[in-house]
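Enquirer: Below: one structure in structure tokens.
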Amino acid sequence: MKLSFEKSVAGRRGNFVPPLAVPAVPLDELLPAALQRATPAALPELAEPEVVRHFVALSRRNFGVDVGFYPLGSCTMKFNPKINERVAALPGFLDVHPLAPAETVQGVLQLLHETERLLSTICGMAAFSLVPAAGAHGELAGMMVIQAHHRAQGAGRRKVLVPDGAHGTNPASAALCGFEVVEVASNPAGGVDLDDLRRKVDTATAALMLTNPNTLGLFEDRILEVASIVHEAGALLYYDGANLNGILGRARPGDMGFDVVHVNVHKTFSTPHGGGGPGAGPVGVAAHLVDHLPLPRIVRDGDVFRLEGTAPRSIGKLLAFHGNIGVLVRAWCYLRAHGPEQLRAISGDAVLNANYLRELLRGAFEVPYERRVMHEFALSGRRQKAAGSSTLDIAKRLIDFGFHPPTIYWPLVVEECMLIEPVETETKETLDAFAAAMLQIAEEIRVNPEFVHAAPHTAPVKRLDEVRAARQLDLRWRATGG
Ligand SMILES: *Cc1c(COP(=O)(O)O)cnc(C)c1O
């Protein structure tokens with residue numbers, strides 16, 4: 001039987017599914033007797049309302065940005081505007097097939113091309129590729145570009161420098177690409193130790209991977225000096241732009257001297273994180289690296305867009321198809337709905353919120369660096385640890401107040417670290433309520449650390465053995481009483 005694509009689409013539009021011309025044969029007659037079960041499977045009998053109640057009850061135990069404040073430092077759990085979901089669900093985006101001929105998906109290609117241009121403008125890069133499927137994937141793509149560049153120069157550079165406060169994906173991506181990772185120390189102000197950098201950079205260095213503002217929310221104000229040290233050695237500068245919330249619309253990695261950038265649309269550009277599901281980590285490069293970008297490239301010829309599948313100097317394909325278009329549509333919506341002025345306001349509000357919250361909390365918790373911060377800030381729970389409750393206890397107690405805990409025990413350079421990112425979409429009332437909860441917890445630790453150590457008190461489950469849960473995954477379905 002042949003089903004024409006046009007016919008099935010027309011059928012759906014009219015809410016009418018044409019009957020299939022298949023003769024009715026009992027299924028048992030189609031299956032060889034030897035392959036048929038002797039007894040029917042013991043499947044549970046459940047009433048539909050019970051099934052619905054079960055899953056609704058589970059969903060209510062789930063925590064997300066639509067349920068409460070989620071100040072996960074570096075990971076940016078910002079509000080996902082609902083209009084983006086509606087646009088991404090339009091049939092012209094949702095129903096296209098990756099093998100559809102380019103002339104039938106001109107709108108999608110135009111949107112992707114425009115997103116590439118917008119990201120290039122925002123980051124000060126010559127070109128972007130939207131192919132990578134996550135931040136870490138963008139890093140891998142970027143490191144492959146850097147490797148291709150050095151190989152094209154005839155230089156087999158094997159080392160990549162990574163600061164000690166870097167996100168764990170940085171050394172992992174460099175190592176996956178075959179580089180040897182060398183750690184660079186931070187200085188007491190939380191920036192790169194330039195002397196250590198000078199000692200470690202040499203003619204075997206392929207790149208320095210840097211996050212700026214770094215993972216403590218601190219801007220590397222000697223970035224131009226860092227760039228010249230790296231470039232003088234013939235190495236490239238890689239920008240981990242997973243989180244651009246501190247500088248959006250105000251400063252560009254390209255102007256700071258970076259050669260390669262990746263951004264996480266699920267951090268800065270409000271697309272859902274999706275439980276590890278489809279993501280996007282677009283990678284951008286300066287003019288001298290454009291030829292190495294992954295394939296396919298979206299090419300504009302006048303008013304027509306097409307996909308270029310081959311290029312001699314490209315690092316090639318990273319995915320079966322063109323990237324996770326659904327999330328990129330959401331990111332495009334966010335970019336276009338805001339426009340230049342509003343995008344600039346995002347970083348202003350994000351930085352204001354972070355500094356406001358930091359001021360409210362700095363009396364009760366240690367602040368490791370006496371500097372104004374960008375979009376996020378670190379606190380140390382060292383004082384509370386000495387009084388009998390750790391940072392983990394504080395995180396668990398926050399659950400009782402209806403808040404998701406911040407990022408904890410990372411970056412590693414801060415003892416008993418809590419990394420808090422309030423994001424621009426939160427109200428002053430929410431920030432005040434969170435600060436009040438944190439201050440109450442600090443007071444509880446002062447008078448009764450055992451109480452905080454036993455938290456959470458209101459959650460359906462108490463302390464989990466997280467290490468065991470991760471190592472011994474239990475993914476079996478089990479019938480009650482079975
Ligand atoms: C989240 C993050 C990454 C990794 O992004 P994924 O999409 O989770 O792979 C890399 N660097 C920094 C600074 C991040 O915050």
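Each chain of the structure tokens is named A, B, ... in the order shown, its residues numbered from 1; ligands are numbered from 1 in display order.
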Give one line per residue of region 95-170 of chain A that approaches region 212-225 of chain A to at most 10 Å, naming the two atoms of the closest pair and their distance in Å to one decimal, counting only C-alpha atoms; sort by chain then ascending residue number and deliver it as JSON lines.
Expert:
{"residue": "A:Pro163", "atom": "CA", "partner": "A:Asn214", "partner_atom": "CA", "distance": 9.6}
{"residue": "A:Gly165", "atom": "CA", "partner": "A:Thr215", "partner_atom": "CA", "distance": 6.6}
{"residue": "A:Ala166", "atom": "CA", "partner": "A:Thr215", "partner_atom": "CA", "distance": 6.6}
{"residue": "A:His167", "atom": "CA", "partner": "A:Thr215", "partner_atom": "CA", "distance": 7.3}
Enquirer: Write out, as an mmCIF file, in the first residue's frame, the residues just selected, with C-alpha atoms.
Expert:
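As a result, again-v6.cif now contains:
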data_model
loop_
_atom_site.group_PDB
_atom_site.id
_atom_site.type_symbol
_atom_site.label_atom_id
_atom_site.label_comp_id
_atom_site.auth_asym_id
_atom_site.auth_seq_id
_atom_site.Cartn_x
_atom_site.Cartn_y
_atom_site.Cartn_z
ATOM 1 C CA PRO A 163 41.086 27.134 34.833
ATOM 2 C CA GLY A 165 36.968 26.859 38.440
ATOM 3 C CA ALA A 166 35.790 25.678 34.996
ATOM 4 C CA HIS A 167 32.642 23.693 34.354
#
Enquirer: Which chain A residues have any atom within 8 Å of an atom of ligand 1, and for each, what is the nearest pair of atoms with distance in Å to one decimal, counting only C-alpha atoms and all ligand atoms, rows sorted by chain and number, as JSON lines?
Expert:
{"residue": "A:Gly73", "atom": "CA", "partner": "ligand 1", "partner_atom_place_in_ligand_line": "15 (O)", "distance": 7.8}
{"residue": "A:Ser74", "atom": "CA", "partner": "ligand 1", "partner_atom_place_in_ligand_line": "15 (O)", "distance": 4.2}
{"residue": "A:Cys75", "atom": "CA", "partner": "ligand 1", "partner_atom_place_in_ligand_line": "15 (O)", "distance": 4.8}
{"residue": "A:Thr76", "atom": "CA", "partner": "ligand 1", "partner_atom_place_in_ligand_line": "15 (O)", "distance": 7.6}
{"residue": "A:Ala133", "atom": "CA", "partner": "ligand 1", "partner_atom_place_in_ligand_line": "7 (O)", "distance": 7.9}
{"residue": "A:Ala134", "atom": "CA", "partner": "ligand 1", "partner_atom_place_in_ligand_line": "7 (O)", "distance": 4.1}
{"residue": "A:Gly135", "atom": "CA", "partner": "ligand 1", "partner_atom_place_in_ligand_line": "7 (O)", "distance": 3.4}
{"residue": "A:Ala136", "atom": "CA", "partner": "ligand 1", "partner_atom_place_in_ligand_line": "9 (O)", "distance": 3.6}
{"residue": "A:His137", "atom": "CA", "partner": "ligand 1", "partner_atom_place_in_ligand_line": "9 (O)", "distance": 6.4}
{"residue": "A:Gly138", "atom": "CA", "partner": "ligand 1", "partner_atom_place_in_ligand_line": "9 (O)", "distance": 7.8}
{"residue": "A:Glu139", "atom": "CA", "partner": "ligand 1", "partner_atom_place_in_ligand_line": "10 (C)", "distance": 7.7}
{"residue": "A:Ala166", "atom": "CA", "partner": "ligand 1", "partner_atom_place_in_ligand_line": "13 (C)", "distance": 6.9}
{"residue": "A:His167", "atom": "CA", "partner": "ligand 1", "partner_atom_place_in_ligand_line": "11 (N)", "distance": 4.9}
{"residue": "A:Gly168", "atom": "CA", "partner": "ligand 1", "partner_atom_place_in_ligand_line": "10 (C)", "distance": 7.3}
{"residue": "A:Thr169", "atom": "CA", "partner": "ligand 1", "partner_atom_place_in_ligand_line": "10 (C)", "distance": 5.6}
{"residue": "A:Asn170", "atom": "CA", "partner": "ligand 1", "partner_atom_place_in_ligand_line": "10 (C)", "distance": 6.7}
{"residue": "A:Thr211", "atom": "CA", "partner": "ligand 1", "partner_atom_place_in_ligand_line": "13 (C)", "distance": 6.3}
{"residue": "A:Asn214", "atom": "CA", "partner": "ligand 1", "partner_atom_place_in_ligand_line": "13 (C)", "distance": 7.6}
{"residue": "A:Thr215", "atom": "CA", "partner": "ligand 1", "partner_atom_place_in_ligand_line": "13 (C)", "distance": 6.1}
{"residue": "A:Asp240", "atom": "CA", "partner": "ligand 1", "partner_atom_place_in_ligand_line": "11 (N)", "distance": 5.7}
{"residue": "A:Gly241", "atom": "CA", "partner": "ligand 1", "partner_atom_place_in_ligand_line": "13 (C)", "distance": 6.8}
{"residue": "A:Ala242", "atom": "CA", "partner": "ligand 1", "partner_atom_place_in_ligand_line": "12 (C)", "distance": 4.8}
{"residue": "A:Asn243", "atom": "CA", "partner": "ligand 1", "partner_atom_place_in_ligand_line": "15 (O)", "distance": 5.9}
{"residue": "A:Asn264", "atom": "CA", "partner": "ligand 1", "partner_atom_place_in_ligand_line": "7 (O)", "distance": 5.9}
{"residue": "A:His266", "atom": "CA", "partner": "ligand 1", "partner_atom_place_in_ligand_line": "7 (O)", "distance": 7.3}
{"residue": "A:Lys267", "atom": "CA", "partner": "ligand 1", "partner_atom_place_in_ligand_line": "1 (C)", "distance": 7.4}
{"residue": "A:Gly276", "atom": "CA", "partner": "ligand 1", "partner_atom_place_in_ligand_line": "8 (O)", "distance": 7.9}
{"residue": "A:Gly279", "atom": "CA", "partner": "ligand 1", "partner_atom_place_in_ligand_line": "7 (O)", "distance": 6.8}
{"residue": "A:Ala280", "atom": "CA", "partner": "ligand 1", "partner_atom_place_in_ligand_line": "7 (O)", "distance": 7.1}
{"residue": "A:Gly281", "atom": "CA", "partner": "ligand 1", "partner_atom_place_in_ligand_line": "7 (O)", "distance": 6.4}
Enquirer: Could you tell me which of A:Ala38, A:Leu112, A:Cys417, A:Ile247 comes closest to Gly323 (chain A) if we count only C-alpha atoms?
Expert: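 The closest residue to Gly323 (chain A) is A:Leu112.
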Enquirer: Show which residues sit within 10 Å of Ala455 (chain A), as a PyMOL selection string. Count only C-alpha atoms, and ignore same-chain residues fewer than 6 positions away.
Expert: chain A and resi 392-400+462-463
Enquirer: Those residues with N, CA and C atoms, as a PDB file, in the first residue's frame please?
Expert:
ATOM      1  N   LEU A 392      25.038  20.845  52.258  1.00  0.00           N
ATOM      2  CA  LEU A 392      24.022  19.874  51.833  1.00  0.00           C
ATOM      3  C   LEU A 392      22.768  19.996  52.708  1.00  0.00           C
ATOM      4  N   ASP A 393      22.968  20.188  54.014  1.00  0.00           N
ATOM      5  CA  ASP A 393      21.830  20.337  54.930  1.00  0.00           C
ATOM      6  C   ASP A 393      21.008  21.584  54.576  1.00  0.00           C
ATOM      7  N   ILE A 394      21.708  22.664  54.271  1.00  0.00           N
ATOM      8  CA  ILE A 394      21.013  23.910  53.909  1.00  0.00           C
ATOM      9  C   ILE A 394      20.177  23.676  52.648  1.00  0.00           C
ATOM     10  N   ALA A 395      20.777  22.986  51.686  1.00  0.00           N
ATOM     11  CA  ALA A 395      20.072  22.700  50.430  1.00  0.00           C
ATOM     12  C   ALA A 395      18.811  21.875  50.707  1.00  0.00           C
ATOM     13  N   LYS A 396      18.938  20.869  51.556  1.00  0.00           N
ATOM     14  CA  LYS A 396      17.776  20.008  51.857  1.00  0.00           C
ATOM     15  C   LYS A 396      16.705  20.788  52.607  1.00  0.00           C
ATOM     16  N   ARG A 397      17.112  21.666  53.505  1.00  0.00           N
ATOM     17  CA  ARG A 397      16.137  22.444  54.294  1.00  0.00           C
ATOM     18  C   ARG A 397      15.379  23.431  53.388  1.00  0.00           C
ATOM     19  N   LEU A 398      16.037  23.942  52.342  1.00  0.00           N
ATOM     20  CA  LEU A 398      15.358  24.877  51.423  1.00  0.00           C
ATOM     21  C   LEU A 398      14.139  24.223  50.773  1.00  0.00           C
ATOM     22  N   ILE A 399      14.190  22.912  50.594  1.00  0.00           N
ATOM     23  CA  ILE A 399      13.073  22.196  49.979  1.00  0.00           C
ATOM     24  C   ILE A 399      11.806  22.372  50.817  1.00  0.00           C
ATOM     25  N   ASP A 400      11.971  22.421  52.161  1.00  0.00           N
ATOM     26  CA  ASP A 400      10.807  22.617  53.048  1.00  0.00           C
ATOM     27  C   ASP A 400      10.131  23.970  52.804  1.00  0.00           C
ATOM     28  N   LYS A 462      12.857  11.554  52.105  1.00  0.00           N
ATOM     29  CA  LYS A 462      13.858  12.266  52.919  1.00  0.00           C
ATOM     30  C   LYS A 462      15.199  12.237  52.198  1.00  0.00           C
ATOM     31  N   ARG A 463      16.271  11.950  52.919  1.00  0.00           N
ATOM     32  CA  ARG A 463      17.584  11.927  52.263  1.00  0.00           C
ATOM     33  C   ARG A 463      17.710  10.677  51.391  1.00  0.00           C
TER      34      ARG A 463
END
Enquirer: Skipping near chain neighbours, those fewer than 5 positions away, what residues fall within 6 Å of region 374-379 of chain A using only C-alpha atoms, listed as a PyMOL selection string?
Expert: chain A and resi 216-217+246+350-351+354+366-367+417-421
